[in-house]
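Enquirer: Following this line is query-v1.cif, made up of mmCIF, C-alpha atoms and all ligand atoms:
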data_query
loop_
_atom_site.label_atom_id
_atom_site.label_comp_id
_atom_site.auth_asym_id
_atom_site.auth_seq_id
_atom_site.Cartn_x
_atom_site.Cartn_y
_atom_site.Cartn_z
CA MET A 165 -26.41 0.03 11.37
CA ASN A 166 -25.90 1.10 14.98
CA ARG A 167 -22.49 2.68 15.59
CA SER A 168 -23.19 4.43 18.88
CA LYS A 169 -20.18 2.96 20.70
CA SER A 170 -17.87 3.91 17.83
CA GLU A 171 -19.35 7.42 17.87
CA ALA A 172 -18.68 7.81 21.61
CA LEU A 173 -15.12 6.51 21.22
CA PHE A 174 -14.47 8.75 18.23
CA ALA A 175 -15.64 11.79 20.23
CA ALA A 176 -13.31 10.84 23.12
CA ALA A 177 -10.43 10.09 20.76
CA GLN A 178 -10.68 13.45 19.02
CA LYS A 179 -9.97 15.24 22.29
CA LEU A 180 -6.77 13.27 22.80
CA ILE A 181 -5.37 12.29 19.42
CA PRO A 182 -5.17 14.61 16.36
CA GLY A 183 -8.33 13.84 14.37
CA GLY A 184 -8.99 10.94 16.75
CA VAL A 185 -6.66 8.66 14.80
CA ASN A 186 -3.04 7.59 14.61
CA SER A 187 -2.86 7.80 10.81
CA PRO A 188 -4.88 10.43 8.90
CA VAL A 189 -6.97 8.42 6.42
CA ARG A 190 -8.52 6.43 9.26
CA ALA A 191 -10.45 9.57 10.30
CA TYR A 192 -12.87 9.30 7.32
CA ARG A 193 -12.38 13.00 6.51
CA SER A 194 -12.85 12.49 2.78
CA VAL A 195 -15.93 10.28 3.07
CA GLY A 196 -17.49 11.74 6.22
CA GLY A 197 -19.12 9.85 9.07
CA THR A 198 -17.70 7.93 12.00
CA PRO A 199 -15.02 5.30 11.48
CA PRO A 200 -16.04 2.01 13.07
CA PHE A 201 -13.77 1.27 16.02
CA ILE A 202 -12.61 -2.28 15.54
CA ALA A 203 -12.91 -4.78 18.37
CA ARG A 204 -11.47 -7.86 16.68
CA GLY A 205 -10.75 -9.63 13.41
CA ASP A 206 -11.02 -13.21 12.21
CA GLY A 207 -10.22 -14.48 8.71
CA SER A 208 -11.80 -12.16 6.16
CA ARG A 209 -13.93 -10.42 8.79
CA ILE A 210 -13.61 -7.58 11.24
CA TYR A 211 -16.09 -6.74 13.99
CA ASP A 212 -16.61 -3.28 15.44
CA VAL A 213 -17.28 -2.35 19.07
CA ASP A 214 -21.03 -2.21 18.33
CA GLY A 215 -20.95 -5.82 17.14
CA ASN A 216 -21.25 -5.05 13.40
CA GLU A 217 -19.50 -7.48 11.07
CA TYR A 218 -17.64 -6.47 7.90
CA ILE A 219 -15.87 -8.29 5.06
CA ASP A 220 -12.49 -6.56 5.16
CA TYR A 221 -10.76 -5.44 1.95
CA VAL A 222 -8.37 -3.08 3.77
CA LEU A 223 -6.54 -5.82 5.68
CA SER A 224 -4.63 -3.33 7.80
CA TRP A 225 -3.69 -1.54 4.54
CA GLY A 226 -2.15 -4.62 2.99
CA PRO A 227 -0.18 -6.73 5.46
CA LEU A 228 -2.79 -9.39 6.17
CA ILE A 229 -2.46 -11.55 3.06
CA LEU A 230 -3.53 -14.58 5.11
CA GLY A 231 -6.44 -12.70 6.69
CA HIS A 232 -6.88 -11.86 10.36
CA ARG A 233 -5.32 -14.07 13.02
CA PRO A 234 -3.92 -16.81 10.79
CA PRO A 235 -3.07 -19.80 13.02
CA GLN A 236 0.59 -19.90 11.89
CA VAL A 237 1.14 -16.33 13.08
CA ILE A 238 -0.71 -16.77 16.36
CA GLU A 239 1.33 -19.89 17.10
CA ALA A 240 4.62 -18.15 16.27
CA LEU A 241 3.73 -15.19 18.48
CA ARG A 242 2.80 -17.47 21.37
CA GLU A 243 6.22 -19.10 21.20
CA VAL A 244 7.96 -15.75 21.39
CA LEU A 245 5.86 -14.57 24.34
CA GLU A 246 7.44 -17.43 26.29
CA ILE A 247 10.99 -16.18 25.69
CA GLY A 248 10.87 -12.37 25.67
CA THR A 249 9.68 -9.60 23.37
CA SER A 250 12.87 -7.65 22.75
CA PHE A 251 16.57 -7.98 23.48
CA GLY A 252 18.32 -5.30 21.46
CA ALA A 253 20.83 -8.01 20.62
CA PRO A 254 21.11 -10.37 17.65
CA THR A 255 18.81 -13.39 17.56
CA GLU A 256 18.65 -16.53 15.43
CA ARG A 257 15.24 -15.61 14.02
CA GLU A 258 16.67 -12.46 12.38
CA VAL A 259 19.06 -14.61 10.38
CA ASP A 260 16.17 -16.87 9.35
CA LEU A 261 14.04 -13.96 8.19
CA ALA A 262 16.94 -12.32 6.34
CA ALA A 263 17.59 -15.62 4.54
CA LEU A 264 13.92 -15.96 3.60
CA ILE A 265 13.79 -12.41 2.24
CA CYS A 266 16.96 -12.85 0.17
CA GLU A 267 15.68 -16.14 -1.19
CA CYS A 268 12.27 -14.76 -2.17
CA VAL A 269 13.59 -11.51 -3.69
CA PRO A 270 16.77 -12.42 -5.57
CA SER A 271 17.89 -8.78 -6.13
CA ILE A 272 18.28 -8.51 -2.35
CA GLU A 273 21.71 -9.86 -1.43
CA MET A 274 21.86 -8.16 1.96
CA VAL A 275 19.01 -6.79 4.02
CA ARG A 276 18.48 -4.62 7.10
CA LEU A 277 15.34 -4.91 9.22
CA VAL A 278 13.58 -1.78 10.45
CA SER A 279 10.19 -1.11 12.02
CA SER A 280 8.11 0.78 9.42
CA GLY A 281 7.91 1.31 5.69
CA THR A 282 8.77 4.96 6.24
CA GLU A 283 11.98 3.97 7.96
CA ALA A 284 12.79 1.61 5.10
CA THR A 285 12.37 4.21 2.34
CA MET A 286 14.13 6.91 4.36
CA SER A 287 17.08 4.58 4.90
CA ALA A 288 17.19 3.35 1.30
CA LEU A 289 17.31 6.94 0.11
CA ARG A 290 20.14 7.76 2.50
CA VAL A 291 22.03 4.71 1.28
CA ALA A 292 21.50 5.73 -2.35
CA ARG A 293 22.84 9.20 -1.61
CA GLY A 294 25.75 7.91 0.41
CA PHE A 295 26.65 5.36 -2.23
CA THR A 296 26.44 7.68 -5.25
CA GLY A 297 27.61 10.88 -3.54
CA ARG A 298 24.63 12.67 -5.15
CA ASP A 299 21.64 14.44 -3.58
CA LEU A 300 18.67 14.42 -5.96
CA THR A 301 15.86 11.86 -6.13
CA ILE A 302 13.24 11.27 -8.77
CA LYS A 303 9.85 10.22 -7.46
CA PHE A 304 6.46 10.04 -9.16
CA GLU A 305 3.34 12.10 -8.52
CA GLY A 306 0.75 10.11 -6.58
CA CYS A 307 3.29 7.60 -5.25
CA TYR A 308 3.57 7.49 -1.48
CA HIS A 309 6.76 6.30 0.18
CA GLY A 310 5.88 6.97 3.81
CA HIS A 311 6.23 10.29 5.56
CA VAL A 312 9.91 10.84 4.75
CA ASP A 313 10.50 14.63 4.62
CA SER A 314 11.92 14.87 1.13
CA LEU A 315 9.41 12.38 -0.31
CA LEU A 316 6.27 14.18 0.86
CA VAL A 317 6.17 16.03 -2.43
CA LYS A 318 3.09 15.45 -4.59
CA ALA A 319 2.52 12.26 -2.62
CA GLY A 320 -0.38 9.83 -2.76
CA SER A 321 -2.29 8.04 -0.01
CA GLY A 322 -3.49 10.37 2.78
CA MET A 323 -1.87 13.39 1.13
CA ALA A 324 -3.92 12.77 -2.00
CA THR A 325 -7.03 11.95 0.02
CA LEU A 326 -6.83 15.14 2.04
CA GLY A 327 -5.74 17.29 -0.90
CA ILE A 328 -2.42 18.27 0.68
CA ALA A 329 0.06 18.74 -2.17
CA ASP A 330 3.13 19.46 -0.07
CA THR A 331 3.12 19.17 3.70
CA ALA A 332 3.98 21.98 6.11
CA GLY A 333 7.08 21.36 8.19
CA VAL A 334 9.41 20.25 5.42
CA PRO A 335 12.15 22.80 4.70
CA GLU A 336 12.17 23.96 1.09
CA SER A 337 15.75 22.82 0.78
CA PHE A 338 14.69 19.22 1.53
CA ALA A 339 11.80 19.31 -0.93
CA ALA A 340 14.18 20.78 -3.52
CA THR A 341 16.13 17.53 -3.54
CA THR A 342 13.09 15.76 -5.02
CA ILE A 343 12.09 15.84 -8.66
CA ALA A 344 8.42 14.77 -8.93
CA LEU A 345 7.43 13.46 -12.36
CA PRO A 346 4.25 11.96 -13.84
CA PHE A 347 4.05 8.20 -13.28
CA ASN A 348 4.29 6.23 -16.54
CA SER A 349 6.00 9.05 -18.44
CA ILE A 350 9.28 7.71 -19.77
CA GLU A 351 9.82 10.99 -21.59
CA ALA A 352 9.70 13.03 -18.38
CA VAL A 353 12.34 10.76 -16.81
CA GLU A 354 14.55 10.99 -19.89
CA ILE A 355 14.41 14.79 -19.80
CA ALA A 356 15.21 14.91 -16.08
CA PHE A 357 18.24 12.67 -16.58
CA ARG A 358 19.40 14.64 -19.61
CA GLU A 359 19.22 17.87 -17.63
CA ARG A 360 20.53 16.77 -14.20
CA GLY A 361 21.72 13.19 -14.64
CA ASP A 362 25.03 13.69 -12.84
CA LYS A 363 23.22 14.86 -9.67
CA ILE A 364 20.51 12.21 -9.44
CA ALA A 365 21.18 9.59 -6.75
CA ALA A 366 18.09 7.46 -7.27
CA VAL A 367 14.72 6.90 -8.84
CA ILE A 368 12.24 5.62 -6.28
CA VAL A 369 9.02 4.11 -7.55
CA GLU A 370 6.06 2.01 -6.46
CA PRO A 371 6.38 -0.48 -9.35
CA VAL A 372 2.62 -0.94 -9.21
CA VAL A 373 1.20 2.11 -7.50
CA GLY A 374 -1.24 1.49 -4.69
CA ASN A 375 -1.32 4.94 -3.18
CA MET A 376 -3.32 6.85 -5.78
CA GLY A 377 -5.50 3.79 -6.08
CA CYS A 378 -4.09 0.85 -7.99
CA VAL A 379 -2.24 2.02 -11.11
CA PRO A 380 -0.10 -0.45 -13.07
CA PRO A 381 3.04 0.51 -14.96
CA ARG A 382 2.70 0.92 -18.70
CA ASP A 383 4.51 -1.61 -20.88
CA GLY A 384 8.18 -0.72 -20.86
CA PHE A 385 8.01 1.91 -18.11
CA LEU A 386 9.90 -0.05 -15.44
CA LYS A 387 12.42 -1.29 -18.02
CA ALA A 388 13.04 2.31 -19.07
CA LEU A 389 13.67 3.26 -15.43
CA ARG A 390 16.10 0.37 -15.16
CA ASP A 391 17.96 1.40 -18.32
CA LEU A 392 18.08 5.13 -17.56
CA THR A 393 19.30 4.71 -13.96
CA ALA A 394 22.01 2.31 -15.16
CA LYS A 395 23.05 4.66 -17.94
CA TYR A 396 23.39 7.68 -15.62
CA GLY A 397 24.89 5.87 -12.61
CA ALA A 398 21.82 6.37 -10.40
CA LEU A 399 20.21 3.64 -8.29
CA LEU A 400 16.78 2.17 -8.95
CA ILE A 401 14.79 1.79 -5.75
CA PHE A 402 11.64 -0.30 -5.94
CA ASP A 403 9.38 0.62 -3.06
CA GLU A 404 7.70 -2.74 -2.61
CA VAL A 405 6.29 -1.98 0.83
CA MET A 406 2.86 -2.72 -0.63
CA THR A 407 3.64 -4.98 -3.60
CA GLY A 408 6.30 -7.11 -1.91
CA PHE A 409 5.06 -10.69 -1.32
CA ARG A 410 1.62 -9.55 -2.56
CA LEU A 411 1.91 -9.61 -6.34
CA ALA A 412 4.28 -12.59 -6.27
CA LEU A 413 6.66 -14.11 -3.75
CA GLY A 414 9.37 -11.96 -5.34
CA GLY A 415 7.07 -8.93 -5.56
CA ALA A 416 6.56 -6.69 -8.58
CA GLN A 417 10.15 -7.24 -9.67
CA GLU A 418 9.41 -10.92 -10.16
CA LEU A 419 6.15 -10.15 -11.98
CA TYR A 420 7.76 -7.66 -14.39
CA GLY A 421 11.21 -9.24 -14.59
CA ILE A 422 13.15 -6.16 -13.45
CA LYS A 423 16.00 -6.21 -10.94
CA ALA A 424 16.11 -3.22 -8.60
CA ASP A 425 19.34 -2.02 -6.97
CA LEU A 426 17.58 -1.42 -3.67
CA THR A 427 14.17 -2.63 -2.51
CA THR A 428 12.05 -1.54 0.39
CA LEU A 429 9.64 -3.96 2.02
CA GLY A 430 6.97 -3.53 4.70
CA LYS A 431 3.43 -4.67 5.42
CA ILE A 432 3.38 -8.43 4.56
CA VAL A 433 7.03 -8.94 5.56
CA GLY A 434 6.03 -8.25 9.18
CA GLY A 435 3.00 -10.53 9.15
CA GLY A 436 0.80 -7.79 10.65
CA LEU A 437 3.36 -6.57 13.17
CA PRO A 438 5.56 -3.47 12.87
CA LEU A 439 8.43 -4.63 10.71
CA ALA A 440 9.89 -3.47 7.41
CA ALA A 441 13.17 -3.90 5.57
CA TYR A 442 15.47 -2.45 2.97
CA GLY A 443 18.06 -4.32 1.03
CA GLY A 444 19.71 -4.88 -2.30
CA ARG A 445 23.07 -5.30 -3.97
CA ALA A 446 25.78 -6.38 -1.53
CA ASP A 447 28.23 -3.72 -2.75
CA ILE A 448 25.67 -1.04 -1.90
CA MET A 449 24.46 -2.52 1.40
CA SER A 450 28.09 -2.96 2.50
CA LYS A 451 28.24 0.82 2.90
CA VAL A 452 25.74 0.65 5.79
CA ALA A 453 27.14 0.99 9.33
CA PRO A 454 28.94 -0.76 10.94
CA LEU A 455 30.44 -2.02 7.65
CA GLY A 456 30.46 1.40 6.06
CA PRO A 457 29.90 5.10 6.71
CA ILE A 458 26.11 5.33 6.17
CA TYR A 459 24.44 5.35 9.56
CA GLN A 460 21.10 3.74 10.34
CA ALA A 461 19.95 2.07 13.57
CA GLY A 462 16.88 1.06 15.60
CA THR A 463 16.14 0.09 19.22
CA LEU A 464 13.37 -2.37 18.32
CA SER A 465 14.71 -3.35 14.88
CA GLY A 466 14.46 -7.09 14.38
CA ASN A 467 12.42 -7.60 17.54
CA PRO A 468 11.45 -11.25 17.96
CA LEU A 469 7.67 -10.78 17.88
CA ALA A 470 7.59 -9.04 14.51
CA VAL A 471 10.33 -11.23 13.08
CA SER A 472 8.56 -14.44 14.03
CA ALA A 473 5.28 -13.20 12.49
CA GLY A 474 7.19 -12.35 9.31
CA ILE A 475 8.81 -15.78 9.18
CA ALA A 476 5.44 -17.48 9.70
CA VAL A 477 3.83 -15.61 6.80
CA LEU A 478 6.74 -15.71 4.33
CA GLY A 479 7.34 -19.36 5.17
CA TYR A 480 3.71 -20.14 4.42
CA LEU A 481 3.71 -18.21 1.13
CA LYS A 482 6.91 -19.92 0.02
CA ALA A 483 5.51 -23.36 0.81
CA HIS A 484 2.17 -22.59 -0.90
CA PRO A 485 2.91 -20.78 -4.18
CA GLU A 486 -0.60 -21.63 -5.38
CA VAL A 487 -1.86 -18.93 -3.03
CA TYR A 488 -1.10 -16.24 -5.59
CA GLU A 489 -3.27 -17.83 -8.25
CA THR A 490 -6.12 -18.27 -5.79
CA ILE A 491 -6.18 -14.68 -4.56
CA GLU A 492 -5.75 -13.36 -8.09
CA LYS A 493 -8.73 -15.45 -9.22
CA ARG A 494 -10.87 -14.15 -6.36
CA THR A 495 -9.89 -10.57 -7.10
CA ALA A 496 -10.67 -11.03 -10.78
CA GLN A 497 -14.11 -12.31 -9.73
CA LEU A 498 -14.54 -9.22 -7.55
CA THR A 499 -13.64 -6.80 -10.32
CA ALA A 500 -15.47 -8.48 -13.21
CA ASN A 501 -18.72 -7.11 -14.64
CA ILE A 502 -18.36 -3.59 -13.31
CA PRO A 503 -20.86 -1.28 -15.01
CA GLU A 504 -20.10 1.61 -17.32
CA GLY A 505 -18.89 4.72 -15.59
CA ILE A 506 -16.35 2.88 -13.46
CA THR A 507 -12.77 2.13 -14.40
CA VAL A 508 -11.31 -0.89 -12.62
CA ASN A 509 -7.58 -1.30 -12.24
CA ARG A 510 -6.30 -4.60 -10.92
CA VAL A 511 -2.93 -6.27 -10.65
CA GLY A 512 -2.99 -9.64 -8.89
CA SER A 513 -4.85 -9.15 -5.63
CA MET A 514 -4.62 -5.33 -5.62
CA PHE A 515 -7.54 -3.39 -7.06
CA THR A 516 -9.36 -0.05 -7.19
CA PHE A 517 -12.77 0.95 -8.53
CA PHE A 518 -12.22 4.43 -9.96
CA PHE A 519 -15.33 6.55 -10.42
CA THR A 520 -14.39 7.77 -13.86
CA THR A 521 -14.98 6.58 -17.42
CA ASP A 522 -11.39 7.30 -18.46
CA PRO A 523 -8.36 5.06 -18.03
CA VAL A 524 -6.41 5.82 -14.85
CA VAL A 525 -2.70 5.78 -15.62
CA ASP A 526 -1.22 8.52 -13.45
CA TRP A 527 -2.15 11.12 -10.84
CA GLU A 528 -3.63 13.52 -13.41
CA SER A 529 -6.15 10.90 -14.50
CA ALA A 530 -6.74 9.56 -10.97
CA LYS A 531 -7.65 12.95 -9.57
CA ARG A 532 -10.37 13.45 -12.19
CA CYS A 533 -12.45 10.79 -10.43
CA ASP A 534 -15.84 11.69 -9.05
CA THR A 535 -14.98 11.50 -5.37
CA ALA A 536 -18.51 12.48 -4.34
CA ARG A 537 -19.87 9.40 -6.07
CA PHE A 538 -17.12 7.29 -4.52
CA LYS A 539 -18.18 8.59 -1.11
CA GLN A 540 -21.73 7.45 -1.69
CA PHE A 541 -20.57 4.03 -2.88
CA PHE A 542 -18.26 3.69 0.11
CA HIS A 543 -21.05 4.32 2.62
CA TRP A 544 -23.48 2.08 0.78
CA MET A 545 -20.99 -0.78 1.06
CA LEU A 546 -19.99 -0.02 4.66
CA ASP A 547 -23.60 0.07 5.81
CA ARG A 548 -24.04 -3.39 4.30
CA GLY A 549 -20.99 -4.89 5.94
CA ILE A 550 -18.34 -4.40 3.26
CA TYR A 551 -15.25 -2.58 4.49
CA PHE A 552 -13.35 -0.76 1.72
CA ALA A 553 -10.67 1.88 2.22
CA PRO A 554 -12.31 5.24 3.00
CA SER A 555 -10.69 6.99 0.04
CA GLN A 556 -10.84 6.87 -3.74
CA PHE A 557 -7.04 6.98 -3.76
CA GLU A 558 -6.21 3.69 -2.08
CA ALA A 559 -5.91 0.11 -3.27
CA GLY A 560 -8.08 -2.72 -1.97
CA PHE A 561 -6.67 -6.15 -1.13
CA VAL A 562 -7.91 -9.73 -1.12
CA SER A 563 -6.53 -12.36 1.25
CA THR A 564 -6.43 -16.14 1.24
CA SER A 565 -9.24 -16.05 3.80
CA HIS A 566 -11.73 -14.39 1.43
CA SER A 567 -14.10 -17.09 0.24
CA GLU A 568 -15.98 -17.21 -3.05
CA GLN A 569 -19.09 -16.46 -0.99
CA ASP A 570 -17.48 -13.33 0.48
CA ILE A 571 -16.67 -12.13 -3.01
CA ALA A 572 -20.11 -12.99 -4.36
CA ARG A 573 -21.78 -11.08 -1.55
CA THR A 574 -19.56 -8.08 -2.20
CA VAL A 575 -20.33 -8.16 -5.93
CA ASP A 576 -24.08 -8.39 -5.27
CA THR A 577 -23.98 -5.49 -2.82
CA ALA A 578 -22.08 -3.32 -5.30
CA LYS A 579 -24.46 -4.34 -8.09
CA GLU A 580 -27.42 -3.22 -6.00
CA PHE A 581 -25.78 0.18 -5.58
CA PHE A 582 -25.42 0.58 -9.30
CA GLU A 583 -28.96 -0.60 -10.06
CA ARG A 584 -31.07 1.12 -7.43
CA ALA A 585 -32.58 4.57 -7.70
CA ASP A 586 -32.83 5.35 -4.00
CA CYS A 587 -29.20 4.99 -3.03
CA GLN A 588 -28.35 8.70 -3.17
CA SER A 589 -28.25 8.90 0.59
CA ALA A 590 -25.09 10.93 1.16
CA ALA A 591 -26.26 14.35 2.29
CA GLY A 592 -25.97 17.02 -0.35
CA TYR A 593 -24.53 14.65 -2.90
CA GLN A 594 -24.73 15.78 -6.53
CA PRO A 595 -23.28 13.48 -9.17
CA ALA A 596 -20.68 15.24 -11.29
CA PRO A 597 -22.28 16.27 -14.58
CA HIS A 598 -19.79 14.41 -16.77
CA LEU A 599 -20.58 11.04 -15.18
CA PRO A 600 -23.65 8.89 -15.81
CA GLN A 601 -26.37 9.74 -13.28
CA LEU A 602 -27.74 7.04 -11.04
CA GLU A 603 -31.16 5.97 -12.25
C1 LIG B 701 4.50 1.95 -1.06
C2 LIG B 701 4.61 2.40 0.37
N1 LIG B 701 5.80 2.81 0.84
C3 LIG B 701 5.96 3.18 2.11
C4 LIG B 701 4.90 3.21 2.99
C5 LIG B 701 5.09 3.62 4.41
O1 LIG B 701 4.98 2.54 5.24
P1 LIG B 701 4.62 2.75 6.79
O2 LIG B 701 3.21 3.23 6.85
O3 LIG B 701 4.82 1.41 7.41
O4 LIG B 701 5.57 3.78 7.33
C6 LIG B 701 3.64 2.80 2.54
C7 LIG B 701 2.49 2.82 3.44
O5 LIG B 701 1.36 2.65 3.08
C8 LIG B 701 3.50 2.38 1.20
O6 LIG B 701 2.31 1.97 0.71
#
Output the structure of this file as structure tokens.
Ligand SMILES: Cc1ncc(COP(=O)(O)O)c(C=O)c1O

Expert:
Amino acid sequence: MNRSKSEALFAAAQKLIPGGVNSPVRAYRSVGGTPPFIARGDGSRIYDVDGNEYIDYVLSWGPLILGHRPPQVIEALREVLEIGTSFGAPTEREVDLAALICECVPSIEMVRLVSSGTEATMSALRVARGFTGRDLTIKFEGCYHGHVDSLLVKAGSGMATLGIADTAGVPESFAATTIALPFNSIEAVEIAFRERGDKIAAVIVEPVVGNMGCVPPRDGFLKALRDLTAKYGALLIFDEVMTGFRLALGGAQELYGIKADLTTLGKIVGGGLPLAAYGGRADIMSKVAPLGPIYQAGTLSGNPLAVSAGIAVLGYLKAHPEVYETIEKRTAQLTANIPEGITVNRVGSMFTFFFTTDPVVDWESAKRCDTARFKQFFHWMLDRGIYFAPSQFEAGFVSTSHSEQDIARTVDTAKEFFERADCQSAAGYQPAPHLPQLE
């Protein structure tokens, strides 16, 4: 596959932008090689600057549940271009989007729009602290909640991919406000609350983790978090930036029947444009300025372009609830019949192929994966036009635009990898001794 134009652009980019990219995982550091520079997208496909076509399972890291350039979004954006892209003043569309969000996610009684998932989690945490008058937060190892200072402790996503446990630049005193516990361990949470319960403002959790790869909650784990936070007067924050509107219209909290105190949303809520949100119980959200003393603001918050894209996508999902069954069925087709040596985790249309024989239930088990073998698989797929996330520790996504044929082609390509003897092309690659060797 010729990638000469991408190679030239990557070389130029690296002189100007750290690592040549505006978000670390895009640089392909953990898999090696040159990231394709993308020229355009359409439906389930993206096309790079060299004209190569790929079936896209990254979907801009989750937002594009309707695929690339869905007509509803394009139409909505066109309308806004006629009237102006930002006013820094209230608009009717913001009320419409807020109403849609509150309707879809019943635990959200009031909501504030922001521009990124990071901003949403940072603000939700501030609100939890302001509301409870406490400083500490429980988070879980391998969960990623954006690059909020105090939450970059044992975080997933790019931190996991690049092997950075705790980032430089965060004062120890900030990191000390975070208690990082193993995901799925009710016992660890019980102990933390027993020891420091009167100081814990919130538990923040990805209810289905996407950022160490897809890892579902064990039976009873989310319910235990709900009960323990209620018992100790702490708030339960569901970070649904990834799972919101993806696992169900009401997100993971609908799927698992748990009501969070605060919820953060991102990705799908902005329909592919920079928009995110945090919201929850009215008594808590009423403490946010100008109603209350907890300050949070944003120049481009609620800008009409992003808001109209969000309305177009949420409106479509609400009017077509069958979408969730369709994308779940497609994803099940994608993840069926995986050979021995691979553990597949899937919830709805989120999935990860883990290169390990053991169940993956937390960061300890995720990090035992054979990342060298993943790297080889990744390049095999990419070279054959299948675009997966360039890291073992990310979730894949399926959109409404993925056809049965797309899925079948992906399955066949993966099957070939597992069956062929000559696919050990990654330079210097040695399969880990504990995993089955390729034939
Ligand atoms: C669960 C979760 N929370 C927060 C974030 C941060 O969102 P953003 O990248 O928009 O700042 C992400 C990003 O991937 C995420 O997956």

Enquirer: Compare A:Leu469, A:Ile502, A:Val487, A:Ile401 by their minimum atom-to-atom distance to Val291 of chain A, counting all atoms listed in the file, and give me the closest one.

Expert: A:Ile401

Enquirer: Could you tell me, counting all atoms listed in the file, which protein and nucleic acid residues lie no more than 7 Å from ligand LIG 701 (chain B), written as JSON, numbers by chain?

Expert: {"A": [225, 280, 281, 282, 283, 285, 308, 309, 310, 311, 370, 374, 375, 403, 404, 405, 406, 430, 431]}

Enquirer: Quick one: of A:Leu439, A:Thr249, A:Val278, A:Thr296, who's nearest to Val471 of chain A, counting all atoms listed in the file?

Expert: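 Comparing A:Leu439, A:Thr249, A:Val278, A:Thr296 against Val471 of chain A, the winner is A:Leu439.
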
Enquirer: Between atom CA of Asp425 of chain A and atom CA of Met514 of chain A, what is the distance in Å, rounded to a tenth?

Expert: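 The value is 24.2 Å.
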
Enquirer: Any idea what's packed within 9 Å of Val195 of chain A, counting all atoms listed in the file, ignoring anything in its chain fewer than 6 positions away? Could you give it as a PyMOL selection string?

Expert: chain A and resi 535-536+538-540+542-543+554-555

Enquirer: Using only C-alpha atoms, please write the residues we just selected to a file, as a JSON list (two decimals), in the coordinates of the input.

Expert:
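The file below, out.json, is the result:
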[["chain", "number", "residue", "atom", "x", "y", "z"],
["A", 535, "THR", "CA", -14.98, 11.50, -5.37],
["A", 536, "ALA", "CA", -18.51, 12.48, -4.34],
["A", 538, "PHE", "CA", -17.12, 7.29, -4.52],
["A", 539, "LYS", "CA", -18.18, 8.59, -1.11],
["A", 540, "GLN", "CA", -21.73, 7.45, -1.69],
["A", 542, "PHE", "CA", -18.26, 3.69, 0.11],
["A", 543, "HIS", "CA", -21.05, 4.32, 2.62],
["A", 554, "PRO", "CA", -12.31, 5.24, 3.00],
["A", 555, "SER", "CA", -10.69, 6.99, 0.04]]

Enquirer: Separation of atom CA of Thr342 of chain A and atom CA of Arg390 of chain A, in Å?

Expert: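 Separating atom CA of Thr342 of chain A from atom CA of Arg390 of chain A is a distance of 18.7 Å.
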
Enquirer: Which residue gives the smallest distance to Met449 of chain A among A:Lys395, A:His232, A:Arg298, A:Arg276, with all atoms listed in the file counted?

Expert: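 Result for the nearest residue to Met449 of chain A: A:Arg276.
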
Enquirer: I want to know what sits within 10 Å of Ala175 of chain A, based on all atoms listed in the file, with residues of the same chain fewer than 6 positions away left out; could you give that as a PyMOL selection string?

Expert: chain A and resi 169+183-184+198

Enquirer: Considering all atoms listed in the file, can you say which of A:Gly361, A:Gly231, A:Gly549, A:Pro371 comes closest to Ala394 of chain A?

Expert: A:Gly361

Enquirer: One decimal, in Å: what's the spacing between atom CA of Lys579 of chain A and atom CA of Asp220 of chain A?

Expert: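 Straight-line distance from atom CA of Lys579 of chain A to atom CA of Asp220 of chain A works out to 18.0 Å.
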
Enquirer: With 8 Å as the threshold, what does the neighbourhood of (-1.7, -5.2, 6.2) contain in terms of residues, counting all atoms listed in the file? Coordinates are those of the file; answer as a PyMOL selection string.

Expert: chain A and resi 222-229+431-432+435-436

Enquirer: Could you check which of A:Gly443, A:Gly306, A:Pro381, A:Gly512 is closest to Leu429 of chain A, using all atoms listed in the file?

Expert: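 Looking at the shortest contact to Leu429 of chain A, the residue is A:Gly443.
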
Enquirer: Find the residues near Ala263 of chain A: any atom within 10 Å, counting only C-alpha atoms, skip ones fewer than 4 places away on the same chain, and give them as number ranges by chain.

Expert: A: 257-259, 267-268, 272-275, 475

Enquirer: For Ala461 of chain A, list every protein, DNA or RNA residue within 12 Å, evaluated using all atoms listed in the file, and leave out those in the same chain fewer than 4 positions away; present the list as a VMD selection string.

Expert: chain A and resid 252 276 to 279 283 to 284 286 to 287 452 to 454 465 to 466

Enquirer: Write out as number ranges by chain the residues lying within 9 Å of Leu326 of chain A, counting only C-alpha atoms and excluding same-chain residues fewer than 3 positions away.

Expert: A: 188-189, 193-194, 321-323, 329

Enquirer: When you count all atoms listed in the file, which of these residues is closest to Ala500 of chain A: A:Thr574, A:Gln460, A:Ser170, A:Gln556?

Expert: A:Thr574

Enquirer: Provide an axis-aligned box for all listed atoms of segment 299-314 of chain A, padding each side by 5 Å; report its centre and its edge lengths in Å to one decimal, as lines of an AutoDock Vina configuration file.

Expert:
center_x = 11.2
center_y = 10.6
center_z = -1.8
size_x = 30.9
size_y = 18.6
size_z = 24.7
